[in-house]
>>> print(open('query.csv').read())   # CSV, C-alpha atoms
chain,number,residue,atom,x,y,z
C,1,MET,CA,43.3,124.6,31.3
C,2,ILE,CA,45.7,127.4,32.3
C,3,ARG,CA,47.5,125.0,34.6
C,4,LEU,CA,47.8,122.5,31.8
C,5,LEU,CA,49.2,125.1,29.4
C,6,LYS,CA,51.8,126.2,32.0
C,7,SER,CA,52.9,122.6,32.5
C,8,ALA,CA,53.2,122.1,28.7
C,9,LEU,CA,55.3,125.3,28.5
C,10,ILE,CA,57.6,124.2,31.3
C,11,CYS,CA,58.0,120.8,29.7
C,12,LEU,CA,59.0,122.4,26.4
C,13,LEU,CA,61.5,124.7,28.0
C,14,LEU,CA,63.0,122.0,30.1
C,15,ALA,CA,63.4,119.7,27.1
C,16,MET,CA,65.0,122.5,25.0
C,17,GLY,CA,67.5,123.1,27.8
C,18,LEU,CA,68.6,119.5,28.2
C,19,HIS,CA,71.4,118.5,25.8
C,20,THR,CA,72.6,115.2,27.2
C,21,PRO,CA,70.6,112.2,26.0
C,22,ALA,CA,69.1,110.2,28.8
C,23,ARG,CA,68.2,106.6,28.4
C,24,ALA,CA,65.2,105.4,30.4
C,25,HIS,CA,67.0,102.0,30.7
C,26,THR,CA,70.1,100.5,29.2
C,27,PRO,CA,70.3,96.7,29.1
C,28,ASP,CA,74.1,96.4,29.1
C,29,ILE,CA,73.7,93.1,27.3
C,30,SER,CA,75.7,91.5,24.6
C,31,THR,CA,75.4,88.1,22.9
C,32,GLY,CA,78.0,85.7,21.6
C,33,LYS,CA,77.0,82.8,19.3
C,34,VAL,CA,79.9,80.4,19.2
C,35,ALA,CA,79.7,78.0,16.2
C,36,ALA,CA,82.2,75.1,16.1
C,37,GLN,CA,83.6,74.3,12.7
C,38,PRO,CA,85.8,71.4,11.5
C,39,ASN,CA,89.5,71.5,12.3
C,40,ARG,CA,89.0,73.5,15.6
C,41,ILE,CA,87.7,76.6,13.8
C,42,TYR,CA,85.1,78.7,15.6
C,43,ILE,CA,83.0,81.5,14.2
C,44,VAL,CA,81.8,83.9,16.9
C,45,ASP,CA,79.0,86.4,16.3
C,46,ILE,CA,79.1,89.2,18.9
C,47,GLY,CA,75.9,91.2,19.0
C,48,PHE,CA,75.2,94.5,20.8
C,49,LEU,CA,72.3,96.8,21.2
C,50,ALA,CA,73.5,99.8,19.2
C,51,THR,CA,73.1,102.2,22.2
C,52,ASP,CA,75.2,99.9,24.4
C,53,LEU,CA,77.9,99.7,21.8
C,54,GLU,CA,77.9,103.4,21.4
C,55,LYS,CA,78.4,103.9,25.1
C,56,ILE,CA,81.4,101.5,25.1
C,57,PHE,CA,82.8,103.1,22.0
C,58,GLN,CA,82.7,106.6,23.5
C,59,ALA,CA,84.3,105.4,26.7
C,60,THR,CA,87.3,103.9,24.8
C,61,MET,CA,88.0,106.7,22.4
C,62,ALA,CA,91.6,106.9,23.6
C,63,GLU,CA,92.2,103.6,21.7
C,64,ARG,CA,91.6,105.3,18.4
C,65,ILE,CA,93.4,108.7,18.7
C,66,GLY,CA,94.1,110.0,15.2
C,67,ALA,CA,91.6,107.7,13.4
C,68,ASP,CA,89.4,109.6,11.0
C,69,LEU,CA,86.0,108.0,11.9
C,70,SER,CA,84.3,110.0,9.1
C,71,ALA,CA,86.2,108.1,6.4
C,72,PRO,CA,84.2,105.3,4.7
C,73,GLY,CA,84.6,102.0,6.5
C,74,VAL,CA,86.8,103.3,9.3
C,75,LEU,CA,84.1,103.4,12.0
C,76,GLU,CA,83.1,99.7,11.2
C,77,THR,CA,86.8,98.7,11.3
C,78,GLU,CA,87.3,100.4,14.7
C,79,ILE,CA,84.2,98.7,16.2
C,80,GLY,CA,85.6,95.4,15.0
C,81,LYS,CA,88.9,96.1,16.6
C,82,LEU,CA,87.2,97.2,19.9
C,83,VAL,CA,85.4,93.9,20.2
C,84,ALA,CA,88.4,91.8,19.0
C,85,LYS,CA,90.6,93.2,21.7
C,86,ARG,CA,88.1,92.0,24.3
C,87,VAL,CA,87.2,88.5,23.2
C,88,ARG,CA,89.7,85.7,23.3
C,89,MET,CA,89.8,82.0,22.8
C,90,ARG,CA,92.6,79.7,23.9
C,91,GLY,CA,93.5,76.0,24.2
C,92,ASP,CA,94.3,73.9,27.2
C,93,ASN,CA,98.0,74.7,26.8
C,94,ASN,CA,97.2,78.4,27.3
C,95,ARG,CA,98.1,79.1,23.7
C,96,ALA,CA,95.8,81.7,22.1
C,97,CYS,CA,93.8,80.9,19.0
C,98,SER,CA,94.5,83.1,16.0
C,99,GLU,CA,91.8,85.7,15.5
C,100,THR,CA,90.4,87.4,12.4
C,101,ILE,CA,87.7,90.0,12.1
C,102,GLU,CA,85.4,88.8,9.3
C,103,LYS,CA,82.6,91.4,9.6
C,104,SER,CA,81.7,94.5,11.6
C,105,GLY,CA,78.7,96.8,11.3
C,106,GLU,CA,74.9,96.8,11.5
C,107,ASP,CA,73.2,93.6,12.3
C,108,PRO,CA,71.2,92.7,9.1
C,109,ASN,CA,68.5,91.1,11.2
C,110,ASN,CA,68.0,94.0,13.6
C,111,GLN,CA,68.4,97.6,12.7
C,112,ASP,CA,68.8,98.6,16.4
C,113,SER,CA,71.8,96.3,16.9
C,114,ALA,CA,75.4,95.9,15.8
C,115,LEU,CA,77.2,92.7,14.8
C,116,VAL,CA,80.9,91.8,14.9
C,117,VAL,CA,81.9,88.4,13.4
C,118,LEU,CA,85.2,86.9,14.6
C,119,ARG,CA,87.0,83.8,13.3
C,120,PHE,CA,89.2,81.8,15.7
C,121,ASP,CA,91.6,79.2,14.4
C,122,CYS,CA,92.5,77.0,17.3
C,123,GLY,CA,94.3,74.4,15.2
C,124,ALA,CA,97.7,75.1,16.8
C,125,THR,CA,96.2,74.6,20.3
C,126,GLU,CA,95.7,71.5,22.4
C,127,GLY,CA,93.0,70.0,24.6
C,128,GLN,CA,89.9,71.9,25.7
C,129,ILE,CA,89.0,75.3,24.3
C,130,PHE,CA,88.2,78.2,26.5
C,131,TYR,CA,86.1,81.3,25.5
C,132,ASP,CA,87.0,84.5,27.3
C,133,ALA,CA,84.7,87.5,27.2
C,134,ARG,CA,85.8,89.0,30.6
C,135,GLN,CA,87.3,92.1,29.1
C,136,LEU,CA,84.1,92.7,27.0
C,137,LEU,CA,82.0,92.4,30.1
C,138,ALA,CA,84.3,94.8,32.0
C,139,ALA,CA,83.7,97.3,29.2
C,140,GLN,CA,80.0,96.9,29.5
C,141,GLY,CA,80.1,97.8,33.2
C,142,PRO,CA,79.2,96.1,36.5
C,143,LYS,CA,75.7,95.2,35.2
C,144,GLY,CA,77.0,93.7,32.0
C,145,LYS,CA,75.7,90.4,30.8
C,146,HIS,CA,76.8,88.2,27.9
C,147,LEU,CA,74.5,85.4,26.7
C,148,VAL,CA,76.6,82.7,25.0
C,149,THR,CA,75.0,80.3,22.6
C,150,LEU,CA,77.2,77.3,21.7
C,151,ILE,CA,76.3,75.3,18.5
C,152,GLY,CA,77.9,72.6,16.5
C,153,THR,CA,79.1,70.6,19.6
C,154,ALA,CA,77.7,67.7,21.6
C,155,ASN,CA,77.1,70.0,24.5
C,156,ALA,CA,75.3,72.7,22.5
C,157,GLY,CA,73.2,75.1,24.6
C,158,GLU,CA,73.2,78.5,26.3
C,159,THR,CA,74.7,80.2,29.3
C,160,MET,CA,74.7,83.7,30.7
C,161,LEU,CA,78.1,85.2,31.7
C,162,TYR,CA,78.5,88.0,34.2
C,163,PRO,CA,81.6,90.2,34.9
C,164,SER,CA,82.7,88.0,37.9
C,165,ASP,CA,82.5,84.7,35.9
C,166,PRO,CA,85.7,82.9,34.8
C,167,GLU,CA,86.5,81.8,31.2
C,168,LEU,CA,83.9,79.5,29.7
C,169,ASP,CA,85.2,75.9,29.1
C,170,LEU,CA,83.4,75.0,25.9
C,171,SER,CA,83.8,71.2,26.6
C,172,LYS,CA,81.7,71.4,29.8
C,173,PRO,CA,77.9,71.1,29.8
C,174,THR,CA,76.1,74.4,29.4
C,175,GLU,CA,73.5,75.6,31.9
C,176,THR,CA,70.3,73.6,32.5
C,177,THR,CA,66.9,75.1,31.7
C,178,PRO,CA,66.2,75.9,35.4
C,179,GLN,CA,69.6,77.6,35.8
C,180,LEU,CA,68.9,79.7,32.7
C,181,MET,CA,65.4,80.5,33.9
C,182,TRP,CA,66.8,81.8,37.2
C,183,LYS,CA,69.1,84.2,35.3
C,184,PHE,CA,66.3,85.4,33.1
C,185,LEU,CA,64.1,85.9,36.1
C,186,GLN,CA,66.8,88.1,37.7
C,187,ALA,CA,67.1,90.0,34.4
C,188,GLY,CA,63.4,90.6,34.4
C,189,VAL,CA,63.6,92.1,37.9
C,190,GLU,CA,66.5,94.2,37.0
C,191,HIS,CA,64.8,95.5,33.9
C,192,ILE,CA,61.7,96.8,35.7
C,193,VAL,CA,63.7,98.2,38.6
C,194,THR,CA,66.0,100.1,36.3
C,195,GLY,CA,63.3,100.8,33.7
C,196,TYR,CA,62.6,104.4,34.8
C,197,ASP,CA,60.0,105.0,32.2
C,198,HIS,CA,57.9,101.9,33.3
C,199,LEU,CA,58.3,103.0,36.9
C,200,CYS,CA,57.1,106.5,36.1
C,201,PHE,CA,54.1,105.1,34.4
C,202,LEU,CA,53.2,102.9,37.4
C,203,PHE,CA,53.8,105.8,39.9
C,204,ALA,CA,51.5,108.1,38.0
C,205,LEU,CA,48.8,105.4,37.9
C,206,ILE,CA,48.6,105.0,41.7
C,207,LEU,CA,49.1,108.5,43.0
C,208,TRP,CA,45.4,108.9,43.7
C,209,ALA,CA,45.0,105.4,45.2
C,210,HIS,CA,43.4,105.4,48.6
C,211,GLY,CA,43.0,101.6,48.9
C,212,VAL,CA,44.4,98.3,47.8
C,213,TRP,CA,41.6,97.1,45.5
C,214,PRO,CA,42.0,99.8,42.8
C,215,VAL,CA,45.8,99.1,42.8
C,216,VAL,CA,45.1,95.4,42.4
C,217,LYS,CA,43.0,96.0,39.4
C,218,ILE,CA,45.5,98.3,37.8
C,219,VAL,CA,48.4,95.9,38.4
C,220,THR,CA,46.4,92.9,37.1
C,221,ALA,CA,45.3,94.8,34.0
C,222,PHE,CA,48.9,95.9,33.3
C,223,THR,CA,50.2,92.4,33.9
C,224,VAL,CA,47.6,90.7,31.6
C,225,SER,CA,48.1,93.1,28.6
C,226,HIS,CA,51.8,93.4,28.7
C,227,SER,CA,52.2,89.7,29.0
C,228,ILE,CA,50.2,89.2,25.8
C,229,THR,CA,52.4,91.5,23.7
C,230,LEU,CA,55.6,90.4,25.4
C,231,SER,CA,54.8,86.8,24.4
C,232,LEU,CA,53.7,87.8,20.8
C,233,ALA,CA,56.9,89.7,20.2
C,234,ALA,CA,59.3,87.3,21.9
C,235,LEU,CA,57.9,84.4,19.8
C,236,ASN,CA,58.2,86.6,16.7
C,237,ILE,CA,54.4,86.5,16.0
C,238,PHE,CA,54.0,90.2,16.0
C,239,THR,CA,56.4,93.0,16.8
C,240,LEU,CA,56.7,96.8,16.7
C,241,PRO,CA,59.9,98.8,15.8
C,242,SER,CA,61.6,99.7,19.0
C,243,HIS,CA,61.7,103.4,18.2
C,244,ILE,CA,57.9,103.5,17.9
C,245,THR,CA,57.4,101.5,21.0
C,246,GLU,CA,59.7,103.7,23.1
C,247,ALA,CA,58.0,106.9,21.9
C,248,LEU,CA,54.6,105.4,22.7
C,249,ILE,CA,55.7,104.4,26.2
C,250,ALA,CA,56.8,108.0,26.8
C,251,ALA,CA,53.4,109.3,25.5
C,252,SER,CA,51.6,106.9,27.9
C,253,ILE,CA,53.5,108.5,30.8
C,254,ILE,CA,52.4,111.9,29.7
C,255,PHE,CA,48.8,110.8,29.4
C,256,VAL,CA,48.4,109.2,32.8
C,257,ALA,CA,50.4,112.1,34.5
C,258,ALA,CA,48.0,114.7,32.9
C,259,GLU,CA,45.0,112.6,33.8
C,260,ASN,CA,45.8,113.1,37.5
C,261,PHE,CA,44.9,116.8,37.1
C,262,PHE,CA,41.4,116.0,35.8
C,263,SER,CA,40.3,112.9,37.7
C,264,HIS,CA,40.8,111.8,41.3
C,265,ASN,CA,38.9,108.5,40.7
C,266,ILE,CA,41.1,105.6,39.8
C,267,ASP,CA,38.5,102.8,40.2
C,268,LYS,CA,38.2,102.6,36.4
C,269,ARG,CA,41.7,103.4,35.5
C,270,TRP,CA,42.5,99.7,35.0
C,271,ARG,CA,40.9,100.1,31.5
C,272,THR,CA,43.5,102.7,30.5
C,273,THR,CA,46.2,100.7,32.1
C,274,PHE,CA,45.1,97.6,30.1
C,275,LEU,CA,45.4,99.4,26.8
C,276,PHE,CA,48.8,101.0,27.6
C,277,GLY,CA,50.0,97.7,28.9
C,278,PHE,CA,50.1,96.4,25.4
C,279,ILE,CA,52.6,99.0,24.4
C,280,HIS,CA,54.8,98.5,27.5
C,281,GLY,CA,54.8,94.7,26.7
C,282,PHE,CA,56.6,95.5,23.4
C,283,GLY,CA,59.1,97.4,25.5
C,284,PHE,CA,59.7,94.5,27.7
C,285,ALA,CA,60.0,92.2,24.7
C,286,SER,CA,62.7,94.5,23.2
C,287,ALA,CA,64.8,94.0,26.4
C,288,LEU,CA,64.3,90.2,26.2
C,289,THR,CA,65.2,90.1,22.5
C,290,GLU,CA,68.3,92.2,23.1
C,291,MET,CA,69.4,89.4,25.6
C,292,GLY,CA,69.0,86.8,22.9
C,293,VAL,CA,66.3,84.4,23.7
C,294,PRO,CA,67.8,80.9,24.1
C,295,GLN,CA,67.1,78.8,21.1
C,296,GLY,CA,66.4,75.6,23.0
C,297,ALA,CA,64.4,77.3,25.9
C,298,VAL,CA,62.3,80.0,24.4
C,299,LEU,CA,59.2,79.4,26.5
C,300,PRO,CA,61.0,78.9,29.8
C,301,ALA,CA,63.1,82.0,29.3
C,302,LEU,CA,60.0,84.0,28.3
C,303,ALA,CA,58.1,82.8,31.4
C,304,ALA,CA,61.0,83.5,33.7
C,305,PHE,CA,61.6,87.0,32.4
C,306,ASN,CA,58.0,87.8,32.7
C,307,ILE,CA,57.8,86.5,36.3
C,308,GLY,CA,60.9,88.6,37.0
C,309,VAL,CA,59.2,91.7,35.6
C,310,GLU,CA,56.1,91.0,37.7
C,311,THR,CA,58.1,90.3,40.9
C,312,GLY,CA,59.9,93.6,40.6
C,313,GLN,CA,56.7,95.4,39.7
C,314,LEU,CA,54.9,94.0,42.8
C,315,ALA,CA,57.8,94.8,45.1
C,316,ILE,CA,57.8,98.4,44.0
C,317,VAL,CA,54.0,98.8,44.3
C,318,LEU,CA,54.0,97.2,47.7
C,319,ALA,CA,56.7,99.6,48.8
C,320,VAL,CA,54.9,102.8,47.4
C,321,VAL,CA,51.3,102.2,48.4
C,322,PRO,CA,52.0,102.0,52.1
C,323,ILE,CA,53.9,105.3,51.9
C,324,LEU,CA,50.9,106.9,50.2
C,325,LEU,CA,48.5,105.6,52.8
C,326,TYR,CA,50.9,106.8,55.6
C,327,ILE,CA,50.9,110.3,54.1
C,328,ASP,CA,47.0,110.2,54.1
C,329,GLN,CA,47.1,109.6,57.9
C,330,HIS,CA,48.8,113.0,58.3
C,331,THR,CA,46.5,114.8,55.9
C,332,LYS,CA,43.2,113.9,57.6
C,333,GLY,CA,42.7,110.8,55.4
C,334,ALA,CA,42.7,112.7,52.2
C,335,ARG,CA,45.4,112.8,49.5
C,336,HIS,CA,46.8,116.3,49.3
C,337,GLU,CA,46.2,117.7,45.9
C,338,LYS,CA,49.5,119.7,45.8
C,339,PHE,CA,51.4,116.5,46.4
C,340,VAL,CA,49.8,114.6,43.6
C,341,TYR,CA,50.0,117.6,41.2
C,342,LEU,CA,53.7,118.1,42.0
C,343,ALA,CA,54.5,114.4,41.5
C,344,SER,CA,52.4,114.2,38.3
C,345,THR,CA,54.1,117.3,36.9
C,346,ALA,CA,57.6,115.8,37.6
C,347,ILE,CA,56.6,112.5,36.0
C,348,GLY,CA,55.0,114.3,33.0
C,349,LEU,CA,58.2,116.3,32.5
C,350,PHE,CA,60.2,113.1,32.4
C,351,GLY,CA,57.7,111.7,29.9
C,352,CYS,CA,57.9,114.9,27.7
C,353,TYR,CA,61.7,114.7,27.7
C,354,TRP,CA,61.8,111.0,26.8
C,355,LEU,CA,59.2,111.6,24.0
C,356,LEU,CA,61.1,114.5,22.5
C,357,GLU,CA,64.3,112.5,22.7
C,358,ARG,CA,62.9,109.4,21.2
C,359,ILE,CA,61.3,111.2,18.2
C,360,GLY,CA,64.7,112.8,17.5
C,361,PHE,CA,63.7,116.4,18.6
C,362,LEU,CA,66.5,116.8,21.0
C,363,PRO,CA,70.1,117.2,19.8
C,364,GLY,CA,72.1,114.0,20.0
C,365,ALA,CA,69.0,112.0,20.8
C,366,GLY,CA,68.0,108.6,19.6
C,367,SER,CA,66.7,105.3,20.8
>>> encode(input="query.csv", output="structure tokens")
Amino acid sequence: MIRLLKSALICLLLAMGLHTPARAHTPDISTGKVAAQPNRIYIVDIGFLATDLEKIFQATMAERIGADLSAPGVLETEIGKLVAKRVRMRGDNNRACSETIEKSGEDPNNQDSALVVLRFDCGATEGQIFYDARQLLAAQGPKGKHLVTLIGTANAGETMLYPSDPELDLSKPTETTPQLMWKFLQAGVEHIVTGYDHLCFLFALILWAHGVWPVVKIVTAFTVSHSITLSLAALNIFTLPSHITEALIAASIIFVAAENFFSHNIDKRWRTTFLFGFIHGFGFASALTEMGVPQGAVLPALAAFNIGVETGQLAIVLAVVPILLYIDQHTKGARHEKFVYLASTAIGLFGCYWLLERIGFLPGAGS
């Protein structure tokens, strides 16, 4: 009990001393719904996760020197300008379509996202129309992704753009379902590999593992439960607000890290993992929703993303477990308590920090 109280005190002091918000994972994803209208008019809805847009906005503050962002409507206007500078459309004759910002602000359908609506008049252009979001992707960073949904044309569909991709020719066929599935599978792998909160949860679960079978049960239980809630949320059957989900994920990390101090037996830990997996599934669903699930390929995208998550998860577990078993060989076949306690303390501290940040306790925090 004394050790637990000391850990709690250290956690509180550490959290109080940290002033820079840390995101457990940032998707770096934007969406662009391109709706073709009569007379070569295009309405483009650009959507961002609010935290991603905030990151880009802060990195480009030099563009709005002197602007009073506290004045009513100025912030929304500047966000619109930021996006409008980075999204272009042109005709085959290289003549740019005229651009108008129709709306900028919070997405009415998602309180965690921002929406900028642009109107492009390509009436003065000729031939094929090209959609250029390369500057937007550059602002998002090297891991940036832009999911484009094209509607109102014969070749309506979805495609995923990356920073290295060229302009999108709107007259060409969009990606096939297998091509989209491959990209969503890659996104699933990336999400789990860069999802530091999910990784901390998994590491804490297997720190006392001395064999393969307990780990198999833990991973299987986690897979089954998070797949259920991931599917329910992605299909809009049942969802949880992201700020609640993220806080509960942090709490689950603290729980399993603390449990390592009181129990060395993980044979039955799959039950705990199964319960917490439901919460983590909602977290995975948030990432998938932020990408914008393709309208014509919801189930394939969902399946591919989930397979990607499982692939990344298994790769990590298969890399960590042999290391733990190798350590056992040098400690007379027994897991050293100090090693587990030290690792669990570190993981628990991360969990405490994320929890305090996500409930708004830390200055400048938010999810």
>>> closest_residue(input="query.csv", among="C:Pro72, C:Gly47, C:Pro322, C:Pro173", to="C:Ala156", atoms="all atoms listed in the file")
C:Pro173
>>> residues_around(input="query.csv", residues="C:Glu167", least_positions_apart="4", cutoff="12 Å", atoms="only C-alpha atoms", output="list in words")
Val87, Arg88, Met89, Arg90, Gly91, Asp92, Asn94, Gln128, Ile129, Phe130, Tyr131, Asp132, Ala133, Arg134, Gln135, Leu136, Leu137, Val148, Met160, Leu161, Tyr162, Pro163, Ser171 and Lys172 of chain C
>>> closest_residue(input="query.csv", among="C:Lys338, C:His243, C:His146, C:His198", to="C:Ile29", atoms="all atoms listed in the file")
C:His146
>>> closest_residue(input="query.csv", among="C:His226, C:Lys143, C:Arg64, C:Lys33", to="C:Gly281", atoms="all atoms listed in the file")
C:His226
>>> residues_near_point(input="query.csv", point="(62.4, 100.2, 33.6)", cutoff="10 Å", atoms="all atoms listed in the file", output="CSV table (one decimal) with C-alpha atoms, in the frame of the given file")
chain,number,residue,atom,x,y,z
C,24,ALA,CA,65.2,105.4,30.4
C,25,HIS,CA,67.0,102.0,30.7
C,26,THR,CA,70.1,100.5,29.2
C,27,PRO,CA,70.3,96.7,29.1
C,188,GLY,CA,63.4,90.6,34.4
C,189,VAL,CA,63.6,92.1,37.9
C,190,GLU,CA,66.5,94.2,37.0
C,191,HIS,CA,64.8,95.5,33.9
C,192,ILE,CA,61.7,96.8,35.7
C,193,VAL,CA,63.7,98.2,38.6
C,194,THR,CA,66.0,100.1,36.3
C,195,GLY,CA,63.3,100.8,33.7
C,196,TYR,CA,62.6,104.4,34.8
C,197,ASP,CA,60.0,105.0,32.2
C,198,HIS,CA,57.9,101.9,33.3
C,199,LEU,CA,58.3,103.0,36.9
C,200,CYS,CA,57.1,106.5,36.1
C,201,PHE,CA,54.1,105.1,34.4
C,280,HIS,CA,54.8,98.5,27.5
C,283,GLY,CA,59.1,97.4,25.5
C,284,PHE,CA,59.7,94.5,27.7
C,287,ALA,CA,64.8,94.0,26.4
C,309,VAL,CA,59.2,91.7,35.6
C,312,GLY,CA,59.9,93.6,40.6
C,313,GLN,CA,56.7,95.4,39.7
>>> closest_residue(input="query.csv", among="C:Ala124, C:Ile266, C:Val298, C:Leu69", to="C:Val216", atoms="all atoms listed in the file")
C:Ile266
>>> closest_residue(input="query.csv", among="C:Ala139, C:Ile228, C:Leu302, C:Ile237", to="C:Leu180", atoms="all atoms listed in the file")
C:Leu302
>>> closest_residue(input="query.csv", among="C:Val34, C:Ala315, C:Ile101, C:Ala250", to="C:Leu170", atoms="only C-alpha atoms")
C:Val34
>>> residues_around(input="query.csv", residues="C:Glu78", least_positions_apart="5", cutoff="10 Å", atoms="all atoms listed in the file", output="PyMOL selection string")
chain C and resi 57+61+63-64+67+69+73+83-84+104-105
>>> write_last_selection(input="query.csv", atoms="C-alpha atoms", output="tab-separated table (two decimals), keeping the file's coordinate frame")
chain	number	residue	atom	x	y	z
C	57	PHE	CA	82.80	103.10	22.00
C	61	MET	CA	88.00	106.70	22.40
C	63	GLU	CA	92.20	103.60	21.70
C	64	ARG	CA	91.60	105.30	18.40
C	67	ALA	CA	91.60	107.70	13.40
C	69	LEU	CA	86.00	108.00	11.90
C	73	GLY	CA	84.60	102.00	6.50
C	83	VAL	CA	85.40	93.90	20.20
C	84	ALA	CA	88.40	91.80	19.00
C	104	SER	CA	81.70	94.50	11.60
C	105	GLY	CA	78.70	96.80	11.30
>>> atom_distance(input="query.csv", atom1="atom CA of C:Thr245", atom2="atom CA of C:Ala285")
10.3 Å
>>> atom_distance(input="query.csv", atom1="atom CA of C:Arg119", atom2="atom CA of C:Leu49")
21.2 Å
>>> residues_around(input="query.csv", residues="C:Ile253", least_positions_apart="5", cutoff="10 Å", atoms="only C-alpha atoms", output="PDB file with C-alpha atoms, keeping the file's coordinate frame")
ATOM      1  CA  ASP C 197      60.000 105.000  32.200  1.00  0.00           C
ATOM      2  CA  HIS C 198      57.900 101.900  33.300  1.00  0.00           C
ATOM      3  CA  LEU C 199      58.300 103.000  36.900  1.00  0.00           C
ATOM      4  CA  CYS C 200      57.100 106.500  36.100  1.00  0.00           C
ATOM      5  CA  PHE C 201      54.100 105.100  34.400  1.00  0.00           C
ATOM      6  CA  LEU C 202      53.200 102.900  37.400  1.00  0.00           C
ATOM      7  CA  PHE C 203      53.800 105.800  39.900  1.00  0.00           C
ATOM      8  CA  ALA C 204      51.500 108.100  38.000  1.00  0.00           C
ATOM      9  CA  LEU C 205      48.800 105.400  37.900  1.00  0.00           C
ATOM     10  CA  LEU C 248      54.600 105.400  22.700  1.00  0.00           C
ATOM     11  CA  ALA C 258      48.000 114.700  32.900  1.00  0.00           C
ATOM     12  CA  GLU C 259      45.000 112.600  33.800  1.00  0.00           C
ATOM     13  CA  PHE C 276      48.800 101.000  27.600  1.00  0.00           C
ATOM     14  CA  SER C 344      52.400 114.200  38.300  1.00  0.00           C
ATOM     15  CA  ILE C 347      56.600 112.500  36.000  1.00  0.00           C
ATOM     16  CA  GLY C 348      55.000 114.300  33.000  1.00  0.00           C
ATOM     17  CA  LEU C 349      58.200 116.300  32.500  1.00  0.00           C
ATOM     18  CA  PHE C 350      60.200 113.100  32.400  1.00  0.00           C
ATOM     19  CA  GLY C 351      57.700 111.700  29.900  1.00  0.00           C
ATOM     20  CA  CYS C 352      57.900 114.900  27.700  1.00  0.00           C
ATOM     21  CA  TRP C 354      61.800 111.000  26.800  1.00  0.00           C
ATOM     22  CA  LEU C 355      59.200 111.600  24.000  1.00  0.00           C
TER      23      LEU C 355
END
>>> residues_near_point(input="query.csv", point="(56.0, 111.6, 14.9)", cutoff="12 Å", atoms="only C-alpha atoms", output="list in words")
His243, Ile244, Thr245, Glu246, Ala247, Leu248, Ala251, Leu355, Leu356, Glu357, Arg358, Ile359, Gly360 and Phe361 of chain C
>>> atom_distance(input="query.csv", atom1="atom CA of C:Ile218", atom2="atom CA of C:Arg269")
6.8 Å
